[in-house]
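Input: a single structure, listed below in C-alpha cells.
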Amino acid sequence: MEQIIANGLYLGAQYALIALGLTLIFSLMNVLNFAHGQMYVFGGFVTYTVVVQLGLPFIVGLFASAIVLAIMGAAIEKFLFAPVIRRSKRDESTMLLAAGIAFFLDAVILLAFGEKQRGVPKIVNGVFNWDMRIIMPYDRILIGVLAILLIVVFIGFMNYSRTGRAMRALAQDKMAAQLMGVNVARYSMIGFALGAMLAGLVGGLLVTITGVNLGMGGPTSVKAFLMIMIGGAGVISGAIAGGFILGMMESVGLTVLSAYGDITYLVIFATLMVFLAVRPQGLMGKPWG
Amino acid sequence: MTNILSVENIELYYDHIYALKGVSIDVAEGETVALIGANGAGKSSILRAITGLRPLKSGRILYQGERLDGASASDIVRRGISMVPEGRRAFPLMSVKDNLLMGAFTRTDKAEIEQTLESVLTRFPRLRERYHQQASTMSGGEQQMMVIGRALMARPKLLLLDEPSLGIAPKLVQDIARAIVAISRDEKVSILLVEQNSRMALSISNRAYALSTGSIALSGNSRELMNDDRIKAAYLGGEL
C-alpha cells in the first residue's frame, strides 16, 4: 500500500508539471498544444546530449533543456501561433497547427537525435528501503522532490510575481488585462515559453530514470490531455490534481490490475468517460482560467 | 482652460456598419464630462476608440496635445488614461488585492504603489474588508467600487467610466455617483462618464453630450441640459 502511494506521488509530480505547462498555454491562448509531448521528449534529448555526449553535470543538462525549450516555445508562439490566431477566427486552425508542429518535432527529433532509446547514467546511487514497505531508488526520490519543488516555485511565481499576475489576468479577462496595460502579444509569448519550458524540464528530469525515445511524444500528449480533462482545463489547481490523480491511478492499476494483463489504461479511459459524462468541466473546471 | 482630450470628427465602423460618424468631443483639465444616449447610440464606441481597443476609420484623437489614435492599448494606459469598462470586467478568480495591483501594472515605483493602494482602500473601506476575498464572490456594487479603485491604481490623468451604474442596485448607484464626485474633487483627474442613467450623469458632470445613432445631437452645460425640454423628452423620461 505505502509502495503504491509512493510510486503514485512520484509519477504524479512529473505528470502535474507536464499538465501545468499544457494548461497554462490553454488558458492564455485557448490553444490545445498537441506538441506538448514532443516538447517533453525534446527536453529529454537535450539533457541527454549535454550530460552524455558533452559530459557536463546533470544540473547543466537540466538548465539547458529548460532554456532550449523556452526559446523554442517563444519562437513557435511568435512565428506560428500568433499569426494564425490573428488571421483565423476558428479554433480548429490552431489545433491543426499544433498537430502539425507535433509531427514536425517528431521529424526533428528523429533527424537530430535518432530513433534509439536514450538515457543518462544514474545521478545518485542506492535504494531507500523502509522496512520493505517502501522501496525506492534514491534517484527517483530526488527527481520526485525536484518535481514537487518546481511545482511550488511555479505556483509562487504565478501568484506573487508581476508577470504571473499579468498572465492570470490575461487568462481571466483578455480585454480587461489589455486595459491595465498588459501587452497581450508579449505575455502570450512568455506564457507559451514557460509552458514549453516546463515540458522540457520534465523531459530532463525523467531522462535520468526512464530514458526517452522518439515514440514517447504522442502518448505523453494524450496523458497530458487526460490530466487536464480530469482536473478542468485552464485551471492551475486542476492541472495539479489531474496530474496526481492520473499518477495514482497508474500506480494502483499497475499493481492491482497486473494480474489481468495490460489493462490499466483501458480502465482509466473507461472511468474517465463515465466521470466526464457526469462532470464535463472536470474537478476544478470553471468558465474562466 | 486647456483640453486634456479632444476627439475630432471621428468615424468608427464595426465590420461595415458605422457606429460613429463625425463625432467631436472635448474634455478640459479637471472637468467631468458625461456622454448620454440610448443603448447603441455609440457612447461606448467613443471610449473604445480612445483606449485603442477599436481602430478609427477617420478623424483623430488628441490627448495633452498629442496624437493618441494609433497607439496601442498598453501605451495609452502608460500615458495616463484608465478605463473602467462596461460590465465591470473584474478578474473573477483574483483577490481584491490582486485586482487592485493589476491596476498598477504599468507602474514600477513600489513605494508609491503602496501609497496609492492605501488611498484607494481609504476611499473604499469595503475593499479593505474584502481585501483577500475572491472578486467573483462580491456583489455587483462592490465589484464596481473595486474596478474604479483598480483604474485609480494607475494614477490616471483621464478616467473613462463606461456605464458604472449598469446592473447596480439603486441604493448603490448613489454611492457610486458620490464616489465619482469625490474622485473628481480629490484627485487631479478629468473624467469622461458614459451613462444610460442620464439623470445621474447630468447631476454629477460639468458638461454633457447627448448622442443619437452615432452622432452628437445636443451638447452643453449639464445643469442646463437637465432642464432642456428635448433632453427631458428623449433621455430623462419619467424614470427614477
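Residues in the C-alpha cells are named by chain (A, B, ... in the order shown) and by number from 1 within that chain; ligands are numbered from 1 in the order shown.
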
Quiz item: Mind listing as a ChimeraX atom specification which residues of chain B are within 12 Å of chain A, counting only C-alpha atoms?
Solution: /B:47-48,50-54,71-95,97-108,110,135-136,147,150-156,159-160

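Atom pair atom CA of A:Ser88 / atom CA of A:Leu32 has a distance of 15.4 Å (rounded to one decimal).
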
Exercise. Identify all residues of stretch 10-135 of chain B in strand (DSSP E or B) (DSSP on the backbone) and supply them as a ChimeraX atom specification.
Key: /B:10-14,17-28,32-37,58-63,66-67,81-84,95,134

Practice problem: Within 10 Å of B:Ile216, counting only C-alpha atoms, which residues show up once you throw out same-chain ones fewer than 4 positions away? Write them as a list in words, please. | Solution: Leu20, Lys21, Gly22, Val23, Ser24, Ile25, Leu35, Ile36, Gly37, Ala41, Gly42, Lys43, Tyr209, Ala210, Leu211 and Ser212 of chain B

Written file, previous selection with C-alpha atoms, as a short mmCIF file (atom, residue, chain, number, x, y, z; two decimals), in the first residue's frame:
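Result saved to result_1.cif:
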```
data_model
loop_
_atom_site.label_atom_id
_atom_site.label_comp_id
_atom_site.auth_asym_id
_atom_site.auth_seq_id
_atom_site.Cartn_x
_atom_site.Cartn_y
_atom_site.Cartn_z
CA LEU B 20 -19.79 56.74 -35.04
CA LYS B 21 -19.95 59.28 -37.85
CA GLY B 22 -18.23 62.58 -37.34
CA VAL B 23 -18.17 62.80 -33.55
CA SER B 24 -16.22 65.59 -31.82
CA ILE B 25 -15.96 66.00 -28.07
CA LEU B 35 -21.93 61.14 -22.64
CA ILE B 36 -25.57 60.22 -22.56
CA GLY B 37 -27.81 58.50 -25.05
CA ALA B 41 -26.07 55.32 -29.76
CA GLY B 42 -22.29 54.94 -29.84
CA LYS B 43 -21.29 56.03 -26.35
CA TYR B 209 -23.02 65.43 -24.90
CA ALA B 210 -26.16 63.61 -25.96
CA LEU B 211 -25.61 61.01 -28.64
CA SER B 212 -28.10 59.64 -31.06
#
```

Exercise. Please provide as an NGL selection string all residues within 8 Å of B:Leu62, with the sequence filter that same-chain residues fewer than 3 positions apart are discarded (counting only C-alpha atoms).
Key: :B and (4-8 or 65-69)

Output N, CA and C atoms for every residue in the selection just made, as a PDB file, in the first residue's frame.
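Dumped everything to selection-v1.pdb:
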```pdb
ATOM      1  N   ILE B   4      -7.605  68.387 -22.061  1.00  0.00           N
ATOM      2  CA  ILE B   4      -6.748  67.212 -21.911  1.00  0.00           C
ATOM      3  C   ILE B   4      -7.040  66.241 -23.050  1.00  0.00           C
ATOM      4  N   LEU B   5      -8.294  66.268 -23.508  1.00  0.00           N
ATOM      5  CA  LEU B   5      -8.687  65.341 -24.575  1.00  0.00           C
ATOM      6  C   LEU B   5      -9.523  66.068 -25.623  1.00  0.00           C
ATOM      7  N   SER B   6      -9.164  65.880 -26.878  1.00  0.00           N
ATOM      8  CA  SER B   6     -10.010  66.370 -27.964  1.00  0.00           C
ATOM      9  C   SER B   6     -10.247  65.237 -28.944  1.00  0.00           C
ATOM     10  N   VAL B   7     -11.479  64.890 -29.105  1.00  0.00           N
ATOM     11  CA  VAL B   7     -11.851  63.896 -30.115  1.00  0.00           C
ATOM     12  C   VAL B   7     -12.361  64.692 -31.302  1.00  0.00           C
ATOM     13  N   GLU B   8     -11.697  64.539 -32.452  1.00  0.00           N
ATOM     14  CA  GLU B   8     -12.026  65.398 -33.587  1.00  0.00           C
ATOM     15  C   GLU B   8     -12.608  64.608 -34.746  1.00  0.00           C
ATOM     16  N   GLY B  65      -2.530  67.372 -26.210  1.00  0.00           N
ATOM     17  CA  GLY B  65      -1.978  67.999 -27.402  1.00  0.00           C
ATOM     18  C   GLY B  65      -1.282  67.063 -28.375  1.00  0.00           C
ATOM     19  N   GLU B  66      -1.196  65.738 -28.021  1.00  0.00           N
ATOM     20  CA  GLU B  66      -0.519  64.815 -28.932  1.00  0.00           C
ATOM     21  C   GLU B  66      -1.473  63.757 -29.461  1.00  0.00           C
ATOM     22  N   ARG B  67      -1.142  63.225 -30.643  1.00  0.00           N
ATOM     23  CA  ARG B  67      -1.990  62.205 -31.248  1.00  0.00           C
ATOM     24  C   ARG B  67      -2.070  60.980 -30.363  1.00  0.00           C
ATOM     25  N   LEU B  68      -3.296  60.490 -30.173  1.00  0.00           N
ATOM     26  CA  LEU B  68      -3.488  59.291 -29.358  1.00  0.00           C
ATOM     27  C   LEU B  68      -3.927  58.121 -30.225  1.00  0.00           C
ATOM     28  N   ASP B  69      -4.648  58.425 -31.315  1.00  0.00           N
ATOM     29  CA  ASP B  69      -5.144  57.332 -32.158  1.00  0.00           C
ATOM     30  C   ASP B  69      -3.963  56.611 -32.799  1.00  0.00           C
TER      31      ASP B  69
END
```

List as an mmCIF file with N, CA and C atoms, in the first residue's frame the protein and nucleic acid residues near A:Val252, meaning an atom at most 9 Å away when only C-alpha atoms are counted, but skip any in the same chain fewer than 4 places from it.
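result.cif was written with the following content:
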```
data_model
loop_
_atom_site.group_PDB
_atom_site.id
_atom_site.type_symbol
_atom_site.label_atom_id
_atom_site.label_comp_id
_atom_site.auth_asym_id
_atom_site.auth_seq_id
_atom_site.Cartn_x
_atom_site.Cartn_y
_atom_site.Cartn_z
ATOM 1 N N MET A 1 0.828 -1.210 0.000
ATOM 2 C CA MET A 1 0.000 0.000 0.000
ATOM 3 C C MET A 1 0.865 1.263 0.000
ATOM 4 N N ILE A 4 2.547 1.710 -3.238
ATOM 5 C CA ILE A 4 1.692 2.215 -4.322
ATOM 6 C C ILE A 4 1.559 3.730 -4.219
ATOM 7 N N ILE A 5 1.360 4.215 -2.989
ATOM 8 C CA ILE A 5 1.208 5.659 -2.791
ATOM 9 C C ILE A 5 2.493 6.396 -3.157
ATOM 10 N N ASN A 7 4.859 5.430 -5.224
ATOM 11 C CA ASN A 7 5.004 5.430 -6.686
ATOM 12 C C ASN A 7 4.066 6.438 -7.333
ATOM 13 N N GLY A 8 2.838 6.488 -6.826
ATOM 14 C CA GLY A 8 1.841 7.402 -7.374
ATOM 15 C C GLY A 8 2.256 8.845 -7.205
ATOM 16 N N GLY A 247 -1.364 9.884 -11.927
ATOM 17 C CA GLY A 247 -0.197 9.170 -11.403
ATOM 18 C C GLY A 247 -0.611 8.074 -10.438
ATOM 19 N N MET A 248 -1.549 8.423 -9.557
ATOM 20 C CA MET A 248 -2.021 7.462 -8.564
ATOM 21 C C MET A 248 -2.779 6.317 -9.226
ATOM 22 N N VAL A 256 -2.424 -3.496 -8.964
ATOM 23 C CA VAL A 256 -3.630 -4.288 -8.703
ATOM 24 C C VAL A 256 -4.098 -5.053 -9.930
ATOM 25 N N LEU A 257 -4.003 -4.379 -11.101
ATOM 26 C CA LEU A 257 -4.581 -4.985 -12.293
ATOM 27 C C LEU A 257 -3.586 -5.825 -13.091
ATOM 28 N N THR A 264 -4.538 -1.431 -17.544
ATOM 29 C CA THR A 264 -4.633 -0.230 -16.705
ATOM 30 C C THR A 264 -5.257 0.935 -17.463
#
```

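In this comparison, which uses only C-alpha atoms, the residue of B:Arg126, B:Ala49, B:Gln115, B:Lys157 approaching B:Glu142 most closely is B:Arg126.
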
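From atom CA of B:Ala34 back to atom CA of B:Ala201, the distance works out to 5.9 Å.
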
Exercise. Using DSSP on the backbone coordinates, identify the residues of stretch 72-226 of chain B assigned to alpha helix (DSSP H); present them as a ChimeraX atom specification.
Key: /B:73-78,96-103,110-123,125-129,140-152,170-186,198-204,222-226
